[in-house]
$ cat query-v5.tsv   # TSV, C-alpha atoms and all ligand atoms
chain	number	residue	atom	x	y	z
J	1	MET	CA	-26.42	-26.27	-34.80
J	2	SER	CA	-24.03	-26.44	-31.92
J	3	ALA	CA	-20.77	-24.73	-30.99
J	4	VAL	CA	-21.08	-22.21	-33.82
J	5	ASP	CA	-19.10	-19.03	-33.31
J	6	ILE	CA	-21.95	-16.54	-32.89
J	7	ARG	CA	-19.75	-13.70	-34.17
J	8	ARG	CA	-20.19	-14.91	-37.75
J	9	TYR	CA	-23.78	-13.58	-37.59
J	10	LEU	CA	-22.90	-10.28	-35.96
J	11	ARG	CA	-21.73	-7.03	-37.49
J	12	PRO	CA	-17.95	-7.26	-37.86
J	13	ASP	CA	-17.54	-3.60	-36.92
J	14	PHE	CA	-18.96	-4.42	-33.46
J	15	ALA	CA	-15.96	-6.62	-32.62
J	16	ASP	CA	-14.03	-3.60	-31.38
J	17	LEU	CA	-16.94	-1.36	-30.36
J	18	GLU	CA	-15.95	0.61	-27.30
J	19	GLU	CA	-18.93	0.24	-25.00
J	20	TYR	CA	-20.46	3.32	-23.41
J	21	THR	CA	-19.59	3.08	-19.71
J	22	PRO	CA	-22.61	4.27	-17.77
J	23	VAL	CA	-22.55	4.87	-14.03
J	24	LYS	CA	-23.54	1.93	-11.82
J	25	PRO	CA	-26.72	1.66	-9.69
J	26	LEU	CA	-26.47	2.88	-6.10
J	27	ASP	CA	-26.82	-0.52	-4.42
J	28	VAL	CA	-24.12	-2.04	-6.65
J	29	LEU	CA	-21.76	0.83	-5.90
J	30	ALA	CA	-22.45	0.72	-2.18
J	31	ALA	CA	-21.77	-3.05	-2.12
J	32	GLU	CA	-18.54	-2.62	-4.10
J	33	ILE	CA	-17.23	0.11	-1.82
J	34	GLY	CA	-18.55	-1.48	1.37
J	35	VAL	CA	-20.63	1.43	2.70
J	36	PRO	CA	-24.42	1.64	3.25
J	37	VAL	CA	-26.33	3.21	0.32
J	38	ASP	CA	-27.34	6.22	2.42
J	39	GLN	CA	-23.68	6.97	3.16
J	40	LEU	CA	-22.79	7.39	-0.53
J	41	VAL	CA	-22.20	10.92	-1.80
J	42	LYS	CA	-23.03	10.60	-5.45
J	43	LEU	CA	-21.36	13.42	-7.32
J	44	ASP	CA	-20.47	11.48	-10.46
J	45	ALA	CA	-23.51	11.72	-12.79
J	46	ASN	CA	-24.84	15.28	-12.50
J	47	GLU	CA	-28.17	14.12	-11.07
J	48	ASN	CA	-30.35	16.43	-8.97
J	49	LEU	CA	-29.68	15.13	-5.46
J	50	TYR	CA	-32.78	16.86	-4.10
J	51	GLY	CA	-34.76	14.21	-6.01
J	52	PRO	CA	-38.22	14.69	-7.46
J	53	ILE	CA	-40.74	16.88	-5.65
J	54	PRO	CA	-43.70	15.12	-3.88
J	55	GLU	CA	-46.12	16.30	-6.60
J	56	ILE	CA	-44.18	14.21	-9.12
J	57	ARG	CA	-44.27	11.12	-6.90
J	58	ASP	CA	-48.05	11.60	-6.48
J	59	ALA	CA	-48.57	11.95	-10.23
J	60	VAL	CA	-46.64	8.72	-10.86
J	61	SER	CA	-48.48	6.77	-8.17
J	62	ASN	CA	-51.85	7.86	-9.61
J	63	ALA	CA	-50.95	7.05	-13.24
J	64	ASP	CA	-52.75	4.32	-15.19
J	65	LEU	CA	-49.77	2.01	-15.52
J	66	HIS	CA	-51.79	-0.80	-17.15
J	67	ILE	CA	-52.59	1.34	-20.22
J	68	TYR	CA	-50.13	1.90	-23.07
J	69	PRO	CA	-48.75	5.42	-23.31
J	70	ASP	CA	-49.94	7.92	-25.92
J	71	PRO	CA	-47.56	7.38	-28.88
J	72	GLY	CA	-48.17	10.98	-29.97
J	73	HIS	CA	-47.53	12.15	-26.36
J	74	GLU	CA	-49.85	15.01	-27.14
J	75	ALA	CA	-50.37	16.39	-23.62
J	76	LEU	CA	-46.62	16.28	-22.99
J	77	ARG	CA	-45.83	18.06	-26.28
J	78	ILE	CA	-48.27	20.83	-25.36
J	79	ALA	CA	-46.73	21.24	-21.88
J	80	ILE	CA	-43.15	21.28	-23.24
J	81	ALA	CA	-44.12	23.72	-26.00
J	82	ASP	CA	-45.55	26.07	-23.39
J	83	TYR	CA	-42.35	25.80	-21.30
J	84	CYS	CA	-40.08	26.43	-24.31
J	85	GLY	CA	-42.18	29.07	-26.05
J	86	VAL	CA	-42.64	27.04	-29.25
J	87	ARG	CA	-45.51	25.22	-30.97
J	88	PRO	CA	-46.34	21.60	-29.98
J	89	GLU	CA	-45.59	20.48	-33.57
J	90	GLN	CA	-41.98	21.45	-32.94
J	91	VAL	CA	-41.58	19.11	-29.96
J	92	VAL	CA	-40.65	15.41	-29.96
J	93	ALA	CA	-40.24	13.54	-26.68
J	94	GLY	CA	-38.24	10.41	-26.07
J	95	SER	CA	-36.65	8.07	-23.59
J	96	GLY	CA	-34.12	10.63	-22.43
J	97	ALA	CA	-32.18	13.02	-24.62
J	98	ASP	CA	-30.14	9.93	-25.53
J	99	ASP	CA	-33.15	8.58	-27.45
J	100	LEU	CA	-33.43	11.81	-29.45
J	101	ILE	CA	-29.71	11.66	-30.33
J	102	ASP	CA	-30.27	8.15	-31.67
J	103	ILE	CA	-33.46	9.05	-33.59
J	104	LEU	CA	-31.76	12.09	-35.10
J	105	ILE	CA	-28.91	9.94	-36.38
J	106	ARG	CA	-31.34	7.37	-37.74
J	107	VAL	CA	-33.46	9.89	-39.65
J	108	THR	CA	-30.39	11.40	-41.30
J	109	MET	CA	-28.14	8.33	-41.61
J	110	PRO	CA	-25.19	10.64	-42.17
J	111	GLU	CA	-21.98	9.33	-43.67
J	112	ALA	CA	-20.25	11.06	-40.73
J	113	VAL	CA	-21.02	13.13	-37.62
J	114	VAL	CA	-18.93	15.85	-36.01
J	115	ASN	CA	-18.00	15.32	-32.37
J	116	LEU	CA	-16.37	18.08	-30.32
J	117	PRO	CA	-14.27	16.42	-27.60
J	118	PRO	CA	-13.95	16.54	-24.72
J	119	THR	CA	-17.72	16.12	-24.65
J	120	PHE	CA	-20.58	13.75	-23.83
J	121	GLY	CA	-19.82	10.22	-25.03
J	122	MET	CA	-23.20	9.24	-26.48
J	123	TYR	CA	-22.84	11.15	-29.77
J	124	GLY	CA	-19.86	9.09	-30.90
J	125	PHE	CA	-21.21	5.86	-29.46
J	126	LEU	CA	-24.63	6.11	-31.17
J	127	ALA	CA	-23.07	7.32	-34.43
J	128	LYS	CA	-20.91	4.20	-34.57
J	129	ILE	CA	-23.94	1.97	-33.92
J	130	SER	CA	-25.55	3.59	-36.97
J	131	ARG	CA	-22.35	3.10	-38.99
J	132	ALA	CA	-21.60	6.82	-39.19
J	133	ARG	CA	-17.97	7.86	-39.12
J	134	VAL	CA	-17.10	10.08	-36.17
J	135	ILE	CA	-15.02	13.10	-37.07
J	136	ASP	CA	-13.50	14.50	-33.90
J	137	VAL	CA	-12.79	18.23	-33.95
J	138	PRO	CA	-11.05	18.78	-30.60
J	139	ARG	CA	-11.87	21.91	-28.65
J	140	LYS	CA	-9.20	24.57	-28.15
J	141	PRO	CA	-7.10	24.57	-24.93
J	142	ASP	CA	-9.77	26.73	-23.25
J	143	PHE	CA	-12.41	24.24	-24.50
J	144	ALA	CA	-13.96	26.75	-26.93
J	145	LEU	CA	-15.08	25.46	-30.35
J	146	ASP	CA	-12.73	25.31	-33.32
J	147	LEU	CA	-15.21	26.75	-35.84
J	148	PRO	CA	-12.95	26.50	-38.93
J	149	GLY	CA	-12.16	22.89	-37.98
J	150	ILE	CA	-15.91	22.13	-37.71
J	151	ALA	CA	-16.56	23.74	-41.10
J	152	ALA	CA	-13.82	21.60	-42.64
J	153	ALA	CA	-15.34	18.44	-41.10
J	154	VAL	CA	-18.76	19.28	-42.55
J	155	GLU	CA	-17.11	19.71	-45.96
J	156	GLN	CA	-15.75	16.18	-45.56
J	157	GLY	CA	-19.35	14.94	-45.56
J	158	ALA	CA	-20.56	15.14	-41.96
J	159	GLY	CA	-24.35	15.43	-41.79
J	160	ILE	CA	-24.77	16.31	-38.09
J	161	VAL	CA	-22.72	18.45	-35.70
J	162	PHE	CA	-23.26	17.72	-32.01
J	163	ALA	CA	-22.52	20.81	-29.92
J	164	THR	CA	-23.31	20.82	-26.20
J	165	SER	CA	-24.25	23.94	-24.24
J	166	PRO	CA	-23.23	24.04	-21.45
J	167	ASN	CA	-20.78	21.32	-22.43
J	168	ASN	CA	-20.31	18.14	-20.42
J	169	PRO	CA	-17.72	17.78	-18.87
J	170	THR	CA	-16.14	21.21	-19.38
J	171	GLY	CA	-19.13	23.31	-18.21
J	172	ASN	CA	-18.70	26.15	-20.75
J	173	PRO	CA	-21.77	27.29	-22.72
J	174	LEU	CA	-21.95	28.26	-26.39
J	175	SER	CA	-22.67	31.85	-27.29
J	176	LEU	CA	-25.59	32.49	-29.63
J	177	ASP	CA	-23.06	33.88	-32.11
J	178	GLU	CA	-21.33	30.51	-32.14
J	179	VAL	CA	-24.62	28.66	-32.64
J	180	HIS	CA	-25.52	31.08	-35.39
J	181	ALA	CA	-22.17	30.45	-37.11
J	182	LEU	CA	-22.70	26.67	-36.84
J	183	CYS	CA	-26.17	27.00	-38.37
J	184	GLU	CA	-24.65	28.55	-41.50
J	185	LEU	CA	-23.00	25.17	-42.20
J	186	ASP	CA	-24.60	22.63	-44.51
J	187	ALA	CA	-25.52	20.09	-41.81
J	188	ILE	CA	-27.97	19.47	-39.00
J	189	ILE	CA	-26.78	21.35	-35.92
J	190	ALA	CA	-27.80	19.56	-32.73
J	191	VAL	CA	-27.33	21.80	-29.70
J	192	ASP	CA	-27.61	19.64	-26.60
J	193	GLU	CA	-28.97	21.77	-23.75
J	194	ALA	CA	-29.20	19.01	-21.12
J	195	TYR	CA	-27.89	21.47	-18.47
J	196	ILE	CA	-29.42	24.73	-19.72
J	197	GLU	CA	-31.62	25.20	-16.62
J	198	PHE	CA	-28.39	25.75	-14.63
J	199	GLY	CA	-26.91	28.37	-16.96
J	200	GLY	CA	-26.12	29.47	-20.49
J	201	GLU	CA	-28.36	30.99	-23.14
J	202	THR	CA	-30.81	28.77	-25.00
J	203	ALA	CA	-30.55	28.48	-28.78
J	204	ILE	CA	-34.31	27.86	-29.17
J	205	PRO	CA	-35.04	31.40	-30.51
J	206	LEU	CA	-32.65	30.72	-33.43
J	207	ILE	CA	-34.78	27.81	-34.69
J	208	ALA	CA	-37.23	30.21	-36.37
J	209	ALA	CA	-34.48	31.35	-38.74
J	210	HIS	CA	-32.59	28.03	-39.02
J	211	SER	CA	-34.47	24.93	-40.12
J	212	ASN	CA	-31.29	22.84	-39.63
J	213	LEU	CA	-31.10	23.59	-35.88
J	214	VAL	CA	-32.40	21.10	-33.32
J	215	VAL	CA	-32.16	21.68	-29.59
J	216	LEU	CA	-32.04	18.65	-27.28
J	217	ARG	CA	-33.23	18.85	-23.70
J	218	THR	CA	-33.91	16.53	-20.76
J	219	PHE	CA	-35.82	16.18	-17.50
J	220	SER	CA	-32.94	14.14	-16.06
J	221	LYS	CA	-30.94	17.00	-14.59
J	222	TRP	CA	-33.03	19.98	-13.44
J	223	ALA	CA	-36.23	18.02	-12.67
J	224	GLY	CA	-34.52	15.11	-10.90
J	225	LEU	CA	-36.03	12.50	-13.24
J	226	ALA	CA	-32.91	10.74	-14.58
J	227	GLY	CA	-34.38	7.36	-13.62
J	228	LEU	CA	-37.59	7.88	-15.59
J	229	ARG	CA	-35.86	8.74	-18.86
J	230	VAL	CA	-37.63	11.68	-20.47
J	231	GLY	CA	-35.94	14.01	-22.93
J	232	TYR	CA	-37.13	16.01	-25.93
J	233	SER	CA	-36.12	17.90	-29.01
J	234	ILE	CA	-37.25	21.28	-30.33
J	235	SER	CA	-36.83	21.95	-34.03
J	236	ALA	CA	-38.67	23.18	-37.09
J	237	ALA	CA	-41.95	21.28	-37.44
J	238	ALA	CA	-40.79	19.63	-40.67
J	239	LEU	CA	-37.89	17.93	-38.89
J	240	ALA	CA	-40.06	17.12	-35.84
J	241	ASP	CA	-42.61	15.37	-38.12
J	242	THR	CA	-39.93	13.02	-39.39
J	243	LEU	CA	-38.54	12.37	-35.91
J	244	MET	CA	-42.09	11.52	-34.75
J	245	ALA	CA	-42.52	9.14	-37.66
J	246	VAL	CA	-39.33	7.24	-36.94
J	247	LYS	CA	-39.35	7.03	-33.14
J	248	GLN	CA	-40.55	3.93	-31.34
J	249	PRO	CA	-44.27	4.48	-30.65
J	250	TYR	CA	-44.02	4.04	-26.87
J	251	ASN	CA	-40.66	5.70	-26.31
J	252	VAL	CA	-42.01	7.73	-23.38
J	253	ASN	CA	-43.57	5.47	-20.77
J	254	VAL	CA	-46.66	6.40	-18.74
J	255	ALA	CA	-44.71	7.12	-15.55
J	256	GLY	CA	-42.23	9.34	-17.39
J	257	ASP	CA	-45.01	11.16	-19.24
J	258	VAL	CA	-46.99	12.08	-16.12
J	259	ALA	CA	-43.83	12.87	-14.14
J	260	ALA	CA	-42.51	15.23	-16.81
J	261	ARG	CA	-45.86	17.02	-17.00
J	262	ALA	CA	-46.01	17.33	-13.21
J	263	ALA	CA	-42.47	18.76	-13.27
J	264	LEU	CA	-43.51	21.42	-15.76
J	265	GLU	CA	-46.68	22.21	-13.87
J	266	HIS	CA	-44.71	22.73	-10.63
J	267	ARG	CA	-41.59	24.12	-12.23
J	268	ALA	CA	-41.45	27.21	-10.02
J	269	GLN	CA	-40.99	24.92	-7.02
J	270	ILE	CA	-38.30	22.85	-8.76
J	271	PHE	CA	-36.46	25.96	-9.86
J	272	GLU	CA	-35.97	26.80	-6.20
J	273	THR	CA	-33.76	23.70	-5.87
J	274	VAL	CA	-32.11	24.52	-9.21
J	275	GLN	CA	-31.16	27.89	-7.69
J	276	CYS	CA	-29.82	26.11	-4.59
J	277	ILE	CA	-27.70	23.84	-6.83
J	278	VAL	CA	-26.34	26.83	-8.76
J	279	ALA	CA	-25.46	28.55	-5.47
J	280	GLU	CA	-23.87	25.33	-4.21
J	281	ARG	CA	-21.84	24.99	-7.41
J	282	ASP	CA	-20.40	28.45	-6.79
J	283	ARG	CA	-19.67	27.72	-3.12
J	284	LEU	CA	-18.08	24.40	-4.09
J	285	SER	CA	-15.94	26.11	-6.72
J	286	LYS	CA	-14.61	28.56	-4.15
J	287	LEU	CA	-13.89	25.82	-1.59
J	288	LEU	CA	-12.15	23.60	-4.15
J	289	GLY	CA	-10.03	26.52	-5.35
J	290	GLU	CA	-8.81	27.09	-1.79
J	291	ILE	CA	-7.37	23.57	-1.53
J	292	GLY	CA	-4.43	24.61	-3.67
J	293	TRP	CA	-4.04	21.44	-5.79
J	294	LEU	CA	-7.44	21.62	-7.52
J	295	ARG	CA	-8.32	24.20	-10.17
J	296	PRO	CA	-12.09	24.26	-10.85
J	297	LEU	CA	-13.00	25.69	-14.25
J	298	PRO	CA	-15.86	28.19	-14.60
J	299	SER	CA	-19.11	26.30	-15.19
J	300	ALA	CA	-22.64	27.15	-16.30
J	301	ALA	CA	-23.85	23.62	-15.49
J	302	ASN	CA	-24.49	21.64	-12.28
J	303	PHE	CA	-20.94	20.29	-12.13
J	304	LEU	CA	-17.34	21.49	-12.07
J	305	LEU	CA	-14.46	20.16	-14.10
J	306	CYS	CA	-11.37	20.45	-11.91
J	307	GLU	CA	-7.77	20.24	-12.97
J	308	VAL	CA	-5.75	18.18	-10.51
J	309	ILE	CA	-2.30	19.65	-10.00
J	310	GLY	CA	0.77	17.72	-8.91
J	311	ARG	CA	-0.86	14.32	-8.33
J	312	PRO	CA	-2.69	11.76	-10.47
J	313	ALA	CA	-6.39	12.58	-10.87
J	314	ALA	CA	-7.17	8.83	-10.93
J	315	ASP	CA	-5.69	8.45	-7.42
J	316	VAL	CA	-7.78	11.35	-6.11
J	317	ALA	CA	-10.98	9.81	-7.52
J	318	ALA	CA	-10.04	6.40	-6.06
J	319	ALA	CA	-9.24	7.87	-2.62
J	320	LEU	CA	-12.59	9.68	-2.55
J	321	ARG	CA	-14.41	6.56	-3.66
J	322	LYS	CA	-12.93	4.58	-0.74
J	323	GLN	CA	-14.63	7.13	1.52
J	324	GLY	CA	-17.97	6.73	-0.29
J	325	VAL	CA	-17.67	9.95	-2.31
J	326	LEU	CA	-18.11	9.39	-6.03
J	327	VAL	CA	-16.73	11.78	-8.63
J	328	ARG	CA	-16.11	11.21	-12.32
J	329	TYR	CA	-12.64	10.43	-13.63
J	330	TYR	CA	-12.07	9.98	-17.36
J	331	ASP	CA	-9.32	7.64	-18.48
J	332	ARG	CA	-8.81	9.63	-21.68
J	333	ALA	CA	-5.72	11.49	-22.82
J	334	GLU	CA	-7.29	14.95	-22.98
J	335	LEU	CA	-8.87	14.67	-19.50
J	336	ARG	CA	-6.28	12.63	-17.62
J	337	ASN	CA	-5.51	15.47	-15.19
J	338	TYR	CA	-9.12	16.26	-14.42
J	339	ILE	CA	-12.00	15.10	-12.27
J	340	ARG	CA	-15.61	16.20	-12.69
J	341	ILE	CA	-17.64	16.86	-9.55
J	342	SER	CA	-21.43	17.38	-9.55
J	343	ALA	CA	-22.93	20.09	-7.39
J	344	GLY	CA	-25.32	18.62	-4.83
J	345	ARG	CA	-26.81	19.80	-1.56
J	346	PRO	CA	-24.75	21.69	1.06
J	347	GLU	CA	-24.29	18.47	3.05
J	348	ASP	CA	-22.88	16.73	-0.04
J	349	THR	CA	-20.31	19.51	-0.43
J	350	ASP	CA	-19.40	19.19	3.24
J	351	ARG	CA	-18.87	15.43	2.95
J	352	LEU	CA	-16.79	15.93	-0.20
J	353	MET	CA	-14.60	18.56	1.46
J	354	ALA	CA	-14.06	16.35	4.52
J	355	ALA	CA	-13.08	13.44	2.25
J	356	LEU	CA	-10.72	15.67	0.22
J	357	ALA	CA	-8.97	16.68	3.45
J	358	ASN	CA	-8.01	12.99	3.88
J	359	VAL	CA	-6.64	12.58	0.36
Q	1	LIG	C1	-24.76	16.59	-22.50
Q	1	LIG	C2	-25.71	15.50	-22.15
Q	1	LIG	N1	-26.70	15.20	-22.99
Q	1	LIG	C3	-27.58	14.24	-22.71
Q	1	LIG	C4	-27.47	13.50	-21.55
Q	1	LIG	C5	-28.42	12.38	-21.32
Q	1	LIG	O1	-29.67	12.85	-21.01
Q	1	LIG	P1	-30.85	11.82	-20.74
Q	1	LIG	O2	-30.71	11.35	-19.34
Q	1	LIG	O3	-32.06	12.65	-20.97
Q	1	LIG	O4	-30.72	10.72	-21.75
Q	1	LIG	C6	-26.46	13.76	-20.65
Q	1	LIG	C7	-26.35	12.97	-19.41
Q	1	LIG	O5	-25.37	12.94	-18.72
Q	1	LIG	C8	-25.55	14.78	-20.95
Q	1	LIG	O6	-24.53	15.07	-20.14
$ encode --input "query-v5.tsv" --output "structure tokens"
Amino acid sequence: MSAVDIRRYLRPDFADLEEYTPVKPLDVLAAEIGVPVDQLVKLDANENLYGPIPEIRDAVSNADLHIYPDPGHEALRIAIADYCGVRPEQVVAGSGADDLIDILIRVTMPEAVVNLPPTFGMYGFLAKISRARVIDVPRKPDFALDLPGIAAAVEQGAGIVFATSPNNPTGNPLSLDEVHALCELDAIIAVDEAYIEFGGETAIPLIAAHSNLVVLRTFSKWAGLAGLRVGYSISAAALADTLMAVKQPYNVNVAGDVAARAALEHRAQIFETVQCIVAERDRLSKLLGEIGWLRPLPSAANFLLCEVIGRPAADVAAALRKQGVLVRYYDRAELRNYIRISAGRPEDTDRLMAALANV
């Protein structure tokens, strides 16, 4: 057959699918902006700019890359369980927390999911891929949850609520009272703790009393392993069993598996850089507040959402980008006056502040 319109074979609802816009690789960005890669100040994706510790690099270089990974990722489940204070049967690992979001949607196939914007974009994106309706329950002006609104959305048939703590991009954590109130609803409550190592209180202790609670975590942020893609979920064993059954067998590759275990083994060392990042976030917040036209919001994560006052936020992001400093701007109504800036090393803050002085 020739010249057939391929769309006749594709899902019609994909015709207007809004693609998830991930950040671009460093070399592509550097080429676009016209600066060398090592001159980029990458404060747009909440990565750990200290990078992985040498012990992780050693573990990866000694790994048996020619052998398939363990589909049950048994050693990794044991190490994560020890870190989180749960049993290995409660842990499921995947190719980033993103993978767990997808698996969770696929095991429940809910008619709808509850999304709490402004928040991380993957919940809505992956729900649509699985043909689940996305019910947006916008956060209040201070970005706190609208609990009655969420309850009403669950009554409309939503099977999963995605609640992020601390939330990306607003930085505010959930209180355990809020998580507890969510768990009383008749739905799976997915609390995404991608940034919990930087602040906020974990909901893991509530799992014992709430079989509908699942906590999502990642090695991408605190451990500096975003490129290796390792995330995990903690839940009641009954839910974890089903997630294990549905996941792709080799969803954690050998390099990611050994790297994540090395990160846990040497976590005390990594937490020193986590502490540096937290301190840097607080220094950055103070410096940004002194500029006068930026208002950084309080944050428990490794980034700051800043309101831009009296000038377009898009222009600020573009002017920084021209100087090789990357921050995140969202072309969305509720965030149009904001930029999100990741906390990096002291020298990253200094470069950012110098670039802001030229804006
Ligand atoms: C709230 C939140 N959850 C999950 C992720 C993705 O984590 P991973 O890299 O493990 O897929 C991110 C990444 O930005 C995030 O902000």
$ atom_distance --input "query-v5.tsv" --atom1 "atom CA of J:Arg295" --atom2 "atom CA of J:Asp192"
25.7 Å
$ closest_residue --input "query-v5.tsv" --among "J:Pro296, J:Pro169, J:Gly96, J:Gly157" --to "ligand LIG 1 (chain Q)" --atoms "only C-alpha atoms and all ligand atoms"
J:Gly96
$ atom_distance --input "query-v5.tsv" --atom1 "atom CA of J:Lys286" --atom2 "atom CA of J:Val37"
28.3 Å
$ residues_near_ligand --input "query-v5.tsv" --ligand "ligand LIG 1 (chain Q)" --cutoff "7 Å" --atoms "all atoms listed in the file" --output "PyMOL selection string"
chain J and resi 45-46+95-99+120+164+167-168+192-194+217-220+226+229-231
$ residues_around --input "query-v5.tsv" --residues "stretch 308-310 of chain J" --least-positions-apart "6" --cutoff "7 Å" --atoms "all atoms listed in the file" --output "PyMOL selection string"
chain J and resi 293-295+337-338
$ atom_distance --input "query-v5.tsv" --atom1 "atom CA of J:Ala190" --atom2 "atom CA of J:Glu111"
16.1 Å
$ closest_residue --input "query-v5.tsv" --among "J:Val35, J:Ala259, J:Ile270, J:Ala237" --to "J:Ser211" --atoms "only C-alpha atoms"
J:Ala237
$ closest_residue --input "query-v5.tsv" --among "J:Ile78, J:Val41, J:Ala236, J:Leu10" --to "J:Arg261" --atoms "only C-alpha atoms"
J:Ile78
$ closest_residue --input "query-v5.tsv" --among "J:Leu43, J:Ala59, J:Ile105, J:Leu126" --to "J:Arg281" --atoms "only C-alpha atoms"
J:Leu43
$ closest_residue --input "query-v5.tsv" --among "J:Asp350, J:Glu19, J:Asp257, J:Asp331" --to "J:Arg283" --atoms "all atoms listed in the file"
J:Asp350
$ residues_around --input "query-v5.tsv" --residues "J:His180" --least-positions-apart "5" --cutoff "9 Å" --atoms "all atoms listed in the file" --output "CSV table (one decimal) with C-alpha atoms, in the frame of the given file"
chain,number,residue,atom,x,y,z
J,175,SER,CA,-22.7,31.8,-27.3
J,203,ALA,CA,-30.6,28.5,-28.8
J,206,LEU,CA,-32.6,30.7,-33.4
J,210,HIS,CA,-32.6,28.0,-39.0
$ residues_around --input "query-v5.tsv" --residues "J:Leu243" --least-positions-apart "2" --cutoff "10 Å" --atoms "all atoms listed in the file" --output "list in words"
Val91, Val92, Ala93, Leu100, Ile103, Leu104, Ile105, Arg106, Val107, Thr108, Ser233, Ser235, Ala237, Ala238, Leu239, Ala240, Asp241, Ala245, Val246, Lys247 and Gln248 of chain J
$ write_last_selection --input "query-v5.tsv" --atoms "C-alpha atoms" --output "PDB file, keeping the file's coordinate frame"
ATOM      1  CA  VAL J  91     -41.580  19.110 -29.960  1.00  0.00           C
ATOM      2  CA  VAL J  92     -40.650  15.410 -29.960  1.00  0.00           C
ATOM      3  CA  ALA J  93     -40.240  13.540 -26.680  1.00  0.00           C
ATOM      4  CA  LEU J 100     -33.430  11.810 -29.450  1.00  0.00           C
ATOM      5  CA  ILE J 103     -33.460   9.050 -33.590  1.00  0.00           C
ATOM      6  CA  LEU J 104     -31.760  12.090 -35.100  1.00  0.00           C
ATOM      7  CA  ILE J 105     -28.910   9.940 -36.380  1.00  0.00           C
ATOM      8  CA  ARG J 106     -31.340   7.370 -37.740  1.00  0.00           C
ATOM      9  CA  VAL J 107     -33.460   9.890 -39.650  1.00  0.00           C
ATOM     10  CA  THR J 108     -30.390  11.400 -41.300  1.00  0.00           C
ATOM     11  CA  SER J 233     -36.120  17.900 -29.010  1.00  0.00           C
ATOM     12  CA  SER J 235     -36.830  21.950 -34.030  1.00  0.00           C
ATOM     13  CA  ALA J 237     -41.950  21.280 -37.440  1.00  0.00           C
ATOM     14  CA  ALA J 238     -40.790  19.630 -40.670  1.00  0.00           C
ATOM     15  CA  LEU J 239     -37.890  17.930 -38.890  1.00  0.00           C
ATOM     16  CA  ALA J 240     -40.060  17.120 -35.840  1.00  0.00           C
ATOM     17  CA  ASP J 241     -42.610  15.370 -38.120  1.00  0.00           C
ATOM     18  CA  ALA J 245     -42.520   9.140 -37.660  1.00  0.00           C
ATOM     19  CA  VAL J 246     -39.330   7.240 -36.940  1.00  0.00           C
ATOM     20  CA  LYS J 247     -39.350   7.030 -33.140  1.00  0.00           C
ATOM     21  CA  GLN J 248     -40.550   3.930 -31.340  1.00  0.00           C
TER      22      GLN J 248
END
$ closest_residue --input "query-v5.tsv" --among "J:Ala355, J:Val215, J:Ile189, J:Ile207" --to "J:Leu40" --atoms "only C-alpha atoms"
J:Ala355
$ decode --input "query-v5.tsv" --residues "stretch 336-347 of chain J" --atoms "N, CA and C atoms" --output "compact mmCIF listing (two decimals), in the first residue's frame"
# COMPACT_ATOMS: atom_id res chain seq x y z
N ARG J 336 1.99 32.00 34.51
CA ARG J 336 2.60 32.91 33.53
C ARG J 336 3.52 33.94 34.18
N ASN J 337 3.30 34.28 35.43
CA ASN J 337 4.16 35.30 36.07
C ASN J 337 5.25 34.68 36.92
N TYR J 338 5.57 33.42 36.66
CA TYR J 338 6.54 32.75 37.53
C TYR J 338 7.69 32.15 36.72
N ILE J 339 8.83 32.02 37.38
CA ILE J 339 9.89 31.14 36.87
C ILE J 339 10.29 30.21 38.01
N ARG J 340 10.75 29.02 37.65
CA ARG J 340 11.22 28.08 38.67
C ARG J 340 12.73 27.93 38.52
N ILE J 341 13.44 28.07 39.63
CA ILE J 341 14.91 28.02 39.60
C ILE J 341 15.38 26.90 40.53
N SER J 342 16.18 25.97 40.00
CA SER J 342 16.72 24.90 40.84
C SER J 342 17.86 25.44 41.70
N ALA J 343 18.01 24.86 42.87
CA ALA J 343 19.16 25.20 43.72
C ALA J 343 20.32 24.30 43.31
N GLY J 344 21.47 24.91 43.05
CA GLY J 344 22.65 24.14 42.64
C GLY J 344 23.77 24.31 43.64
N ARG J 345 24.98 24.47 43.11
CA ARG J 345 26.15 24.71 43.97
C ARG J 345 26.31 26.22 44.16
N PRO J 346 27.13 26.65 45.12
CA PRO J 346 27.30 28.10 45.32
C PRO J 346 27.71 28.82 44.03
N GLU J 347 28.57 28.19 43.23
CA GLU J 347 29.01 28.87 42.00
C GLU J 347 27.87 29.02 40.99
